[in-house]
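A.B. asks: Structure file final_35.txt (compact mmCIF, N, CA and C atoms) is given on the next line.
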# COMPACT_ATOMS: atom_id res chain seq x y z
N MET J 156 242.03 175.27 -53.73
CA MET J 156 243.40 175.12 -54.22
C MET J 156 243.41 174.10 -55.36
N GLN J 157 243.93 174.53 -56.50
CA GLN J 157 244.03 173.64 -57.65
C GLN J 157 245.40 172.96 -57.64
N GLN J 158 245.40 171.68 -57.99
CA GLN J 158 246.65 170.93 -58.02
C GLN J 158 246.75 170.18 -59.34
N ASN J 159 247.97 170.02 -59.82
CA ASN J 159 248.21 169.26 -61.04
C ASN J 159 249.60 168.64 -60.91
N GLU J 160 249.79 167.50 -61.56
CA GLU J 160 251.08 166.80 -61.45
C GLU J 160 251.41 166.11 -62.77
N MET J 161 252.70 165.98 -63.05
CA MET J 161 253.16 165.22 -64.21
C MET J 161 254.46 164.53 -63.87
N LYS J 162 254.73 163.44 -64.61
CA LYS J 162 255.95 162.67 -64.40
C LYS J 162 256.57 162.38 -65.76
N LEU J 163 257.88 162.52 -65.84
CA LEU J 163 258.61 162.33 -67.08
C LEU J 163 259.80 161.43 -66.81
N GLU J 164 259.99 160.40 -67.63
CA GLU J 164 261.16 159.53 -67.54
C GLU J 164 261.87 159.54 -68.88
N PHE J 165 263.20 159.62 -68.83
CA PHE J 165 263.98 159.65 -70.07
C PHE J 165 265.37 159.11 -69.82
N ASP J 166 266.07 158.76 -70.90
CA ASP J 166 267.43 158.24 -70.80
C ASP J 166 268.40 159.33 -70.37
N SER J 167 269.41 158.94 -69.64
CA SER J 167 270.43 159.87 -69.14
C SER J 167 271.46 160.19 -70.22
N ARG J 168 270.97 160.74 -71.29
CA ARG J 168 271.83 161.19 -72.40
C ARG J 168 271.83 162.71 -72.39
N SER J 169 273.00 163.32 -72.64
CA SER J 169 273.05 164.78 -72.59
C SER J 169 272.13 165.44 -73.59
N CYS J 170 271.81 164.78 -74.70
CA CYS J 170 270.89 165.37 -75.68
C CYS J 170 269.48 165.52 -75.12
N ASN J 171 269.15 164.82 -74.03
CA ASN J 171 267.82 164.91 -73.42
C ASN J 171 267.69 166.03 -72.40
N GLU J 172 268.80 166.70 -72.07
CA GLU J 172 268.75 167.79 -71.10
C GLU J 172 267.85 168.92 -71.60
N GLY J 173 267.95 169.29 -72.86
CA GLY J 173 267.11 170.33 -73.43
C GLY J 173 265.64 169.92 -73.46
N PHE J 174 265.39 168.65 -73.77
CA PHE J 174 264.03 168.11 -73.76
C PHE J 174 263.41 168.24 -72.37
N ALA J 175 264.19 167.92 -71.33
CA ALA J 175 263.70 168.03 -69.96
C ALA J 175 263.36 169.48 -69.61
N ARG J 176 264.25 170.40 -69.97
CA ARG J 176 264.03 171.83 -69.70
C ARG J 176 262.73 172.33 -70.33
N VAL J 177 262.54 172.01 -71.61
CA VAL J 177 261.37 172.49 -72.34
C VAL J 177 260.09 171.86 -71.81
N THR J 178 260.14 170.58 -71.49
CA THR J 178 258.95 169.89 -70.98
C THR J 178 258.52 170.47 -69.64
N VAL J 179 259.47 170.68 -68.75
CA VAL J 179 259.15 171.27 -67.44
C VAL J 179 258.62 172.69 -67.62
N ALA J 180 259.24 173.47 -68.50
CA ALA J 180 258.78 174.84 -68.75
C ALA J 180 257.36 174.85 -69.31
N ALA J 181 257.04 173.92 -70.20
CA ALA J 181 255.69 173.84 -70.77
C ALA J 181 254.66 173.56 -69.68
N PHE J 182 254.99 172.65 -68.76
CA PHE J 182 254.08 172.35 -67.66
C PHE J 182 253.90 173.56 -66.75
N LEU J 183 254.98 174.29 -66.51
CA LEU J 183 254.97 175.47 -65.65
C LEU J 183 254.09 176.59 -66.20
N THR J 184 253.92 176.67 -67.51
CA THR J 184 253.20 177.81 -68.11
C THR J 184 251.77 177.95 -67.62
N GLN J 185 251.17 176.88 -67.13
CA GLN J 185 249.79 177.00 -66.63
C GLN J 185 249.68 177.91 -65.41
N LEU J 186 250.82 178.26 -64.80
CA LEU J 186 250.82 179.19 -63.67
C LEU J 186 251.03 180.64 -64.10
N ASN J 187 251.15 180.88 -65.41
CA ASN J 187 251.39 182.22 -65.95
C ASN J 187 252.66 182.86 -65.38
N PRO J 188 253.78 182.15 -65.47
CA PRO J 188 255.03 182.69 -64.92
C PRO J 188 255.58 183.81 -65.80
N THR J 189 256.43 184.63 -65.21
CA THR J 189 257.17 185.63 -65.99
C THR J 189 258.26 184.91 -66.77
N LEU J 190 258.83 185.59 -67.75
CA LEU J 190 259.94 185.00 -68.50
C LEU J 190 261.12 184.70 -67.57
N GLU J 191 261.33 185.57 -66.60
CA GLU J 191 262.42 185.34 -65.63
C GLU J 191 262.17 184.09 -64.79
N GLU J 192 260.93 183.89 -64.36
CA GLU J 192 260.62 182.69 -63.57
C GLU J 192 260.81 181.43 -64.41
N VAL J 193 260.40 181.47 -65.67
CA VAL J 193 260.60 180.31 -66.56
C VAL J 193 262.10 180.04 -66.73
N ALA J 194 262.87 181.09 -66.96
CA ALA J 194 264.32 180.93 -67.13
C ALA J 194 264.96 180.36 -65.88
N ASP J 195 264.53 180.82 -64.71
CA ASP J 195 265.06 180.31 -63.44
C ASP J 195 264.81 178.81 -63.30
N VAL J 196 263.58 178.39 -63.56
CA VAL J 196 263.22 176.97 -63.42
C VAL J 196 263.99 176.14 -64.46
N LYS J 197 264.06 176.63 -65.70
CA LYS J 197 264.79 175.89 -66.73
C LYS J 197 266.26 175.72 -66.37
N THR J 198 266.87 176.76 -65.82
CA THR J 198 268.28 176.68 -65.43
C THR J 198 268.46 175.66 -64.31
N ALA J 199 267.61 175.72 -63.30
CA ALA J 199 267.72 174.79 -62.17
C ALA J 199 267.52 173.35 -62.62
N VAL J 200 266.54 173.10 -63.47
CA VAL J 200 266.29 171.75 -63.99
C VAL J 200 267.48 171.27 -64.81
N SER J 201 268.01 172.16 -65.63
CA SER J 201 269.18 171.82 -66.45
C SER J 201 270.36 171.39 -65.57
N GLU J 202 270.60 172.12 -64.50
CA GLU J 202 271.70 171.78 -63.59
C GLU J 202 271.47 170.43 -62.93
N ALA J 203 270.25 170.18 -62.48
CA ALA J 203 269.95 168.91 -61.80
C ALA J 203 270.08 167.72 -62.76
N VAL J 204 269.57 167.88 -63.98
CA VAL J 204 269.66 166.81 -64.97
C VAL J 204 271.12 166.56 -65.35
N THR J 205 271.87 167.62 -65.56
CA THR J 205 273.28 167.48 -65.91
C THR J 205 274.05 166.78 -64.80
N ASN J 206 273.76 167.12 -63.54
CA ASN J 206 274.40 166.43 -62.42
C ASN J 206 274.10 164.93 -62.45
N ALA J 207 272.85 164.58 -62.73
CA ALA J 207 272.47 163.16 -62.77
C ALA J 207 273.23 162.44 -63.88
N ILE J 208 273.34 163.07 -65.04
CA ILE J 208 274.02 162.44 -66.18
C ILE J 208 275.52 162.28 -65.89
N ILE J 209 276.16 163.37 -65.47
CA ILE J 209 277.62 163.37 -65.33
C ILE J 209 278.09 162.70 -64.04
N HIS J 210 277.45 163.04 -62.93
CA HIS J 210 277.91 162.53 -61.64
C HIS J 210 277.17 161.27 -61.19
N GLY J 211 275.86 161.25 -61.38
CA GLY J 211 275.07 160.11 -60.92
C GLY J 211 275.33 158.84 -61.71
N TYR J 212 275.33 158.96 -63.02
CA TYR J 212 275.46 157.79 -63.88
C TYR J 212 276.82 157.67 -64.55
N GLU J 213 277.63 158.70 -64.47
CA GLU J 213 278.99 158.68 -65.02
C GLU J 213 279.05 158.09 -66.43
N GLY J 214 278.18 158.56 -67.30
CA GLY J 214 278.22 158.13 -68.69
C GLY J 214 277.38 156.92 -69.04
N GLN J 215 276.90 156.21 -68.04
CA GLN J 215 276.01 155.07 -68.31
C GLN J 215 274.64 155.60 -68.72
N VAL J 216 273.98 154.90 -69.61
CA VAL J 216 272.63 155.30 -70.00
C VAL J 216 271.63 154.56 -69.13
N ARG J 217 271.01 155.33 -68.24
CA ARG J 217 269.99 154.80 -67.33
C ARG J 217 268.84 155.79 -67.32
N THR J 218 267.96 155.72 -66.36
CA THR J 218 266.75 156.53 -66.35
C THR J 218 266.84 157.69 -65.36
N ILE J 219 266.42 158.85 -65.82
CA ILE J 219 266.23 160.03 -64.97
C ILE J 219 264.73 160.27 -64.91
N THR J 220 264.22 160.55 -63.73
CA THR J 220 262.79 160.82 -63.56
C THR J 220 262.60 162.24 -63.04
N ILE J 221 261.69 162.95 -63.70
CA ILE J 221 261.32 164.29 -63.24
C ILE J 221 259.84 164.26 -62.89
N THR J 222 259.51 164.73 -61.71
CA THR J 222 258.13 164.86 -61.28
C THR J 222 257.88 166.33 -61.00
N CYS J 223 256.83 166.87 -61.58
CA CYS J 223 256.45 168.27 -61.35
C CYS J 223 255.07 168.29 -60.72
N ARG J 224 254.87 169.22 -59.80
CA ARG J 224 253.59 169.37 -59.12
C ARG J 224 253.29 170.85 -58.93
N ILE J 225 252.04 171.19 -59.13
CA ILE J 225 251.58 172.55 -58.88
C ILE J 225 250.60 172.50 -57.73
N GLU J 226 250.83 173.36 -56.75
CA GLU J 226 249.89 173.53 -55.63
C GLU J 226 249.71 175.02 -55.42
N ALA J 227 248.54 175.51 -55.75
CA ALA J 227 248.22 176.94 -55.64
C ALA J 227 249.26 177.77 -56.40
N GLU J 228 250.06 178.56 -55.70
CA GLU J 228 251.05 179.43 -56.34
C GLU J 228 252.47 178.87 -56.32
N ASP J 229 252.61 177.61 -55.94
CA ASP J 229 253.93 177.01 -55.85
C ASP J 229 254.11 175.90 -56.88
N PHE J 230 255.29 175.91 -57.47
CA PHE J 230 255.69 174.90 -58.46
C PHE J 230 256.78 174.05 -57.82
N PHE J 231 256.60 172.75 -57.80
CA PHE J 231 257.56 171.82 -57.23
C PHE J 231 258.11 170.93 -58.35
N VAL J 232 259.40 170.70 -58.33
CA VAL J 232 260.01 169.80 -59.31
C VAL J 232 261.04 168.93 -58.60
N GLU J 233 261.01 167.64 -58.92
CA GLU J 233 261.97 166.70 -58.37
C GLU J 233 262.68 166.02 -59.52
N VAL J 234 264.00 165.99 -59.46
CA VAL J 234 264.82 165.29 -60.45
C VAL J 234 265.51 164.16 -59.70
N ALA J 235 265.28 162.93 -60.16
CA ALA J 235 265.79 161.76 -59.44
C ALA J 235 266.55 160.82 -60.37
N ASP J 236 267.62 160.25 -59.81
CA ASP J 236 268.36 159.20 -60.51
C ASP J 236 268.61 158.07 -59.53
N GLU J 237 269.01 156.94 -60.06
CA GLU J 237 269.34 155.77 -59.23
C GLU J 237 270.82 155.44 -59.40
N GLY J 238 271.62 156.48 -59.49
CA GLY J 238 273.05 156.33 -59.75
C GLY J 238 273.88 156.13 -58.51
N ARG J 239 275.11 156.62 -58.59
CA ARG J 239 276.10 156.34 -57.54
C ARG J 239 275.82 157.05 -56.23
N GLY J 240 275.03 158.12 -56.23
CA GLY J 240 274.72 158.84 -55.00
C GLY J 240 275.85 159.76 -54.57
N ILE J 241 275.59 160.49 -53.51
CA ILE J 241 276.53 161.49 -52.99
C ILE J 241 276.87 161.11 -51.55
N ALA J 242 278.15 160.94 -51.27
CA ALA J 242 278.58 160.56 -49.92
C ALA J 242 278.38 161.69 -48.92
N ASP J 243 278.70 162.92 -49.31
CA ASP J 243 278.61 164.07 -48.41
C ASP J 243 277.84 165.19 -49.12
N VAL J 244 276.53 165.23 -48.92
CA VAL J 244 275.67 166.19 -49.61
C VAL J 244 276.07 167.63 -49.26
N ALA J 245 276.34 167.90 -48.00
CA ALA J 245 276.72 169.27 -47.60
C ALA J 245 277.97 169.74 -48.34
N LEU J 246 278.95 168.87 -48.46
CA LEU J 246 280.17 169.22 -49.19
C LEU J 246 279.88 169.43 -50.67
N ALA J 247 279.08 168.54 -51.26
CA ALA J 247 278.74 168.64 -52.68
C ALA J 247 277.99 169.92 -53.00
N MET J 248 277.28 170.47 -52.03
CA MET J 248 276.52 171.70 -52.24
C MET J 248 277.35 172.97 -52.08
N GLU J 249 278.59 172.82 -51.65
CA GLU J 249 279.48 173.99 -51.52
C GLU J 249 279.85 174.52 -52.90
N PRO J 250 279.73 175.83 -53.10
CA PRO J 250 280.13 176.40 -54.40
C PRO J 250 281.59 176.05 -54.73
N MET J 251 281.82 175.72 -55.98
CA MET J 251 283.13 175.39 -56.53
C MET J 251 283.60 173.97 -56.21
N TYR J 252 282.86 173.20 -55.42
CA TYR J 252 283.25 171.83 -55.15
C TYR J 252 282.84 170.96 -56.34
N THR J 253 283.76 170.16 -56.83
CA THR J 253 283.44 169.23 -57.90
C THR J 253 284.27 167.96 -57.75
N THR J 254 283.69 166.86 -58.18
CA THR J 254 284.43 165.60 -58.20
C THR J 254 284.95 165.32 -59.61
N LYS J 255 284.69 166.25 -60.52
CA LYS J 255 285.09 166.06 -61.92
C LYS J 255 285.91 167.24 -62.42
N ALA J 256 286.90 167.66 -61.68
CA ALA J 256 287.74 168.80 -62.09
C ALA J 256 288.43 168.55 -63.42
N GLU J 257 288.76 167.29 -63.68
CA GLU J 257 289.42 166.94 -64.94
C GLU J 257 288.51 167.15 -66.15
N CYS J 258 287.22 167.28 -65.91
CA CYS J 258 286.25 167.49 -67.00
C CYS J 258 285.83 168.95 -67.11
N ASP J 259 286.61 169.83 -66.49
CA ASP J 259 286.28 171.26 -66.49
C ASP J 259 284.91 171.56 -65.91
N ARG J 260 284.53 170.85 -64.87
CA ARG J 260 283.26 171.09 -64.19
C ARG J 260 283.48 172.22 -63.18
N ALA J 261 282.58 173.19 -63.13
CA ALA J 261 282.75 174.37 -62.29
C ALA J 261 282.34 174.15 -60.84
N GLY J 262 281.52 173.14 -60.57
CA GLY J 262 281.08 172.91 -59.20
C GLY J 262 280.05 173.92 -58.72
N MET J 263 279.26 174.46 -59.65
CA MET J 263 278.28 175.49 -59.29
C MET J 263 276.83 175.01 -59.46
N GLY J 264 276.61 173.75 -59.80
CA GLY J 264 275.26 173.24 -60.06
C GLY J 264 274.29 173.48 -58.92
N PHE J 265 274.64 173.03 -57.71
CA PHE J 265 273.73 173.21 -56.58
C PHE J 265 273.59 174.68 -56.20
N ALA J 266 274.67 175.44 -56.34
CA ALA J 266 274.61 176.88 -56.03
C ALA J 266 273.63 177.57 -56.97
N PHE J 267 273.64 177.21 -58.26
CA PHE J 267 272.69 177.79 -59.21
C PHE J 267 271.27 177.38 -58.87
N MET J 268 271.06 176.10 -58.54
CA MET J 268 269.72 175.64 -58.18
C MET J 268 269.19 176.42 -56.99
N GLU J 269 270.05 176.59 -56.00
CA GLU J 269 269.65 177.31 -54.79
C GLU J 269 269.36 178.78 -55.08
N ALA J 270 270.15 179.39 -55.96
CA ALA J 270 269.97 180.82 -56.29
C ALA J 270 268.70 181.07 -57.10
N PHE J 271 268.36 180.15 -58.01
CA PHE J 271 267.24 180.38 -58.92
C PHE J 271 265.90 179.89 -58.41
N MET J 272 265.92 179.04 -57.38
CA MET J 272 264.68 178.50 -56.84
C MET J 272 264.45 179.02 -55.43
N ASP J 273 263.22 178.85 -54.93
CA ASP J 273 262.87 179.34 -53.59
C ASP J 273 263.06 178.27 -52.52
N GLY J 274 263.33 177.06 -52.91
CA GLY J 274 263.59 175.98 -51.98
C GLY J 274 264.37 174.88 -52.66
N LEU J 275 265.29 174.27 -51.94
CA LEU J 275 266.12 173.18 -52.48
C LEU J 275 266.41 172.17 -51.38
N GLU J 276 266.13 170.91 -51.67
CA GLU J 276 266.47 169.81 -50.77
C GLU J 276 267.15 168.73 -51.60
N VAL J 277 268.21 168.14 -51.06
CA VAL J 277 268.91 167.07 -51.76
C VAL J 277 268.98 165.87 -50.84
N ASP J 278 268.44 164.76 -51.29
CA ASP J 278 268.52 163.49 -50.56
C ASP J 278 269.35 162.54 -51.39
N SER J 279 270.40 161.98 -50.77
CA SER J 279 271.26 161.07 -51.50
C SER J 279 272.03 160.18 -50.54
N ALA J 280 272.44 159.05 -51.05
CA ALA J 280 273.30 158.13 -50.30
C ALA J 280 274.10 157.32 -51.32
N PRO J 281 275.34 157.00 -50.99
CA PRO J 281 276.16 156.21 -51.92
C PRO J 281 275.44 154.93 -52.35
N GLY J 282 275.42 154.70 -53.66
CA GLY J 282 274.80 153.51 -54.22
C GLY J 282 273.29 153.54 -54.29
N MET J 283 272.67 154.60 -53.79
CA MET J 283 271.21 154.67 -53.71
C MET J 283 270.60 155.74 -54.62
N GLY J 284 271.42 156.54 -55.28
CA GLY J 284 270.90 157.58 -56.15
C GLY J 284 270.68 158.89 -55.42
N THR J 285 270.13 159.84 -56.16
CA THR J 285 269.95 161.20 -55.64
C THR J 285 268.59 161.73 -56.05
N ARG J 286 267.95 162.45 -55.13
CA ARG J 286 266.69 163.16 -55.39
C ARG J 286 266.92 164.63 -55.06
N VAL J 287 266.71 165.47 -56.07
CA VAL J 287 266.82 166.91 -55.90
C VAL J 287 265.40 167.46 -55.97
N ARG J 288 264.95 168.06 -54.88
CA ARG J 288 263.60 168.63 -54.81
C ARG J 288 263.71 170.15 -54.74
N MET J 289 262.99 170.81 -55.64
CA MET J 289 263.04 172.28 -55.70
C MET J 289 261.63 172.85 -55.71
N ARG J 290 261.52 174.09 -55.21
CA ARG J 290 260.24 174.80 -55.19
C ARG J 290 260.44 176.20 -55.73
N LYS J 291 259.46 176.67 -56.50
CA LYS J 291 259.48 178.04 -57.01
C LYS J 291 258.10 178.63 -56.80
N HIS J 292 258.04 179.78 -56.12
CA HIS J 292 256.78 180.51 -55.94
C HIS J 292 256.56 181.35 -57.19
N ILE J 293 255.38 181.24 -57.77
CA ILE J 293 255.05 181.99 -58.98
C ILE J 293 254.09 183.12 -58.62
N ALA J 294 254.53 184.35 -58.85
CA ALA J 294 253.81 185.53 -58.38
C ALA J 294 252.55 185.86 -59.17
N ASN J 295 252.46 185.53 -60.45
CA ASN J 295 251.36 185.96 -61.29
C ASN J 295 250.18 185.01 -61.35
N VAL J 296 250.15 183.98 -60.55
CA VAL J 296 249.13 182.94 -60.66
C VAL J 296 247.72 183.51 -60.61
N ASN J 297 247.44 184.42 -59.69
CA ASN J 297 246.08 184.92 -59.53
C ASN J 297 245.62 185.82 -60.66
N LYS J 298 246.50 186.19 -61.55
CA LYS J 298 246.15 187.06 -62.67
C LYS J 298 245.64 186.28 -63.87
N MET J 299 245.56 184.96 -63.74
CA MET J 299 245.16 184.13 -64.87
C MET J 299 244.16 183.09 -64.41
N GLU J 300 243.17 182.82 -65.22
CA GLU J 300 242.20 181.77 -64.92
C GLU J 300 242.84 180.43 -65.25
N ARG J 301 242.70 179.47 -64.35
CA ARG J 301 243.24 178.13 -64.64
C ARG J 301 242.10 177.17 -64.78
How would this structure read if it were set down as structure tokens?
C.D. replies:
Amino acid sequence: MQQNEMKLEFDSRSCNEGFARVTVAAFLTQLNPTLEEVADVKTAVSEAVTNAIIHGYEGQVRTITITCRIEAEDFFVEVADEGRGIADVALAMEPMYTTKAECDRAGMGFAFMEAFMDGLEVDSAPGMGTRVRMRKHIANVNKMER
């Protein structure tokens, strides 16, 4: 079993959301994913990063950390912030739930992450930040030499 890992830290500025998506996608390419798998991972990462910027840090510029790991045919990505945290994770994960209705937020971030990835775990506590862990199984791994 081959394993590889990378870690990325960047400022919680919305202009860095695209940078995070592209960086994670570039790391993922070593598994020979389909275009759909890449799009799924990019969408999920985008949602997690946007949540950290808007909800976790509420406009403050702080650090977001992304850790990616490859183990055999599985791609793991964790998006972490040290922001305000989530008081009720189960409620926050309900589709259409948002704490920022005044900002035209749809409340679909976690629903999209769950739909596009094969596994989703959210660990959070008020004042302690949030860690979003996701897994994606990549079907074409064995068709490419790594």
A.B. asks: Please give the complete set of residues from segment 264-300 of chain J that DSSP, run on the backbone, assigns to alpha helix (DSSP H), formatted as a VMD selection string.
C.D. replies: chain J and resid 264 to 271
A.B. asks: Can you tell me how far atom C of Ala280 of chain J sits from atom C of Arg239 of chain J, in Å to one decimal?
C.D. replies: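 A separation of 5.2 Å between them.
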A.B. asks: Quick one: residues within 7 Å of Cys223 of chain J, only C-alpha atoms counted, chain neighbours fewer than 5 positions away excluded, as a ChimeraX atom specification?
C.D. replies: /J:160-162,231-233
A.B. asks: Using DSSP on the backbone coordinates, identify all residues within segment 206-257 of chain J classified as strand (DSSP E or B); present the result as a PyMOL selection string.
C.D. replies: chain J and resi 218-226+229-236
A.B. asks: Return the single residue from J:Met272, J:Ile221, J:Ile241, J:Val177 that is closest to Val204 of chain J, with distances computed using only C-alpha atoms.
C.D. replies: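 Ranking J:Met272, J:Ile221, J:Ile241, J:Val177 by distance to Val204 of chain J, first place goes to J:Ile221.
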A.B. asks: Using all atoms listed in the file, find the one residue out of J:Ala207, J:Ala266, J:Pro281, J:Asn187 that sits nearest to Asp243 of chain J.
C.D. replies: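 That would be J:Pro281, the residue with the smallest distance to Asp243 of chain J.
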A.B. asks: Given all atoms listed in the file as the basis, pick out the residue of J:Arg168, J:Arg224, J:Arg176, J:Arg286 nearest to Ser201 of chain J.
C.D. replies: J:Arg176
A.B. asks: For Ala203 of chain J, please output as a list in words all residues within 8 Å (counting only N, CA and C atoms; exclusion window: fewer than 2 positions along the same chain).
C.D. replies: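 Result of the neighbour search: Lys197, Thr198, Ala199, Val200, Ser201, Thr205, Asn206, Ala207, Ile208, Ile209, Val234, Ala235, Gly264, Phe265, Met268 and Val287 of chain J.
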A.B. asks: If you measure from atom CA of Asp236 of chain J to atom CA of Ser167 of chain J, what distance in Å do you get, rounded to one decimal?
C.D. replies: 8.9 Å
A.B. asks: For Asp229 of chain J, work out the shell of residues within 5 Å, counting only N, CA and C atoms and skipping chain neighbours fewer than 3 positions away, then give it as a ChimeraX atom specification.
C.D. replies: /J:225-226,291-293
A.B. asks: Could you check how far atom N of Met289 of chain J sits from atom CA of Cys170 of chain J, in Å to one decimal?
C.D. replies: 22.2 Å
A.B. asks: Determine the nearest neighbour of Ala180 of chain J from the options J:Asp166, J:Gly282, J:Val196, J:Gln158, counting only N, CA and C atoms.
C.D. replies: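 Using only N, CA and C atoms, the shortest distance to Ala180 of chain J belongs to J:Val196.
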A.B. asks: With distances taken over only N, CA and C atoms, which of J:Glu164, J:Glu269, J:Leu190, J:Asp195 is nearest to Thr218 of chain J?
C.D. replies: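 Checking each of J:Glu164, J:Glu269, J:Leu190, J:Asp195 against Thr218 of chain J, counting only N, CA and C atoms, the winner is J:Glu164.
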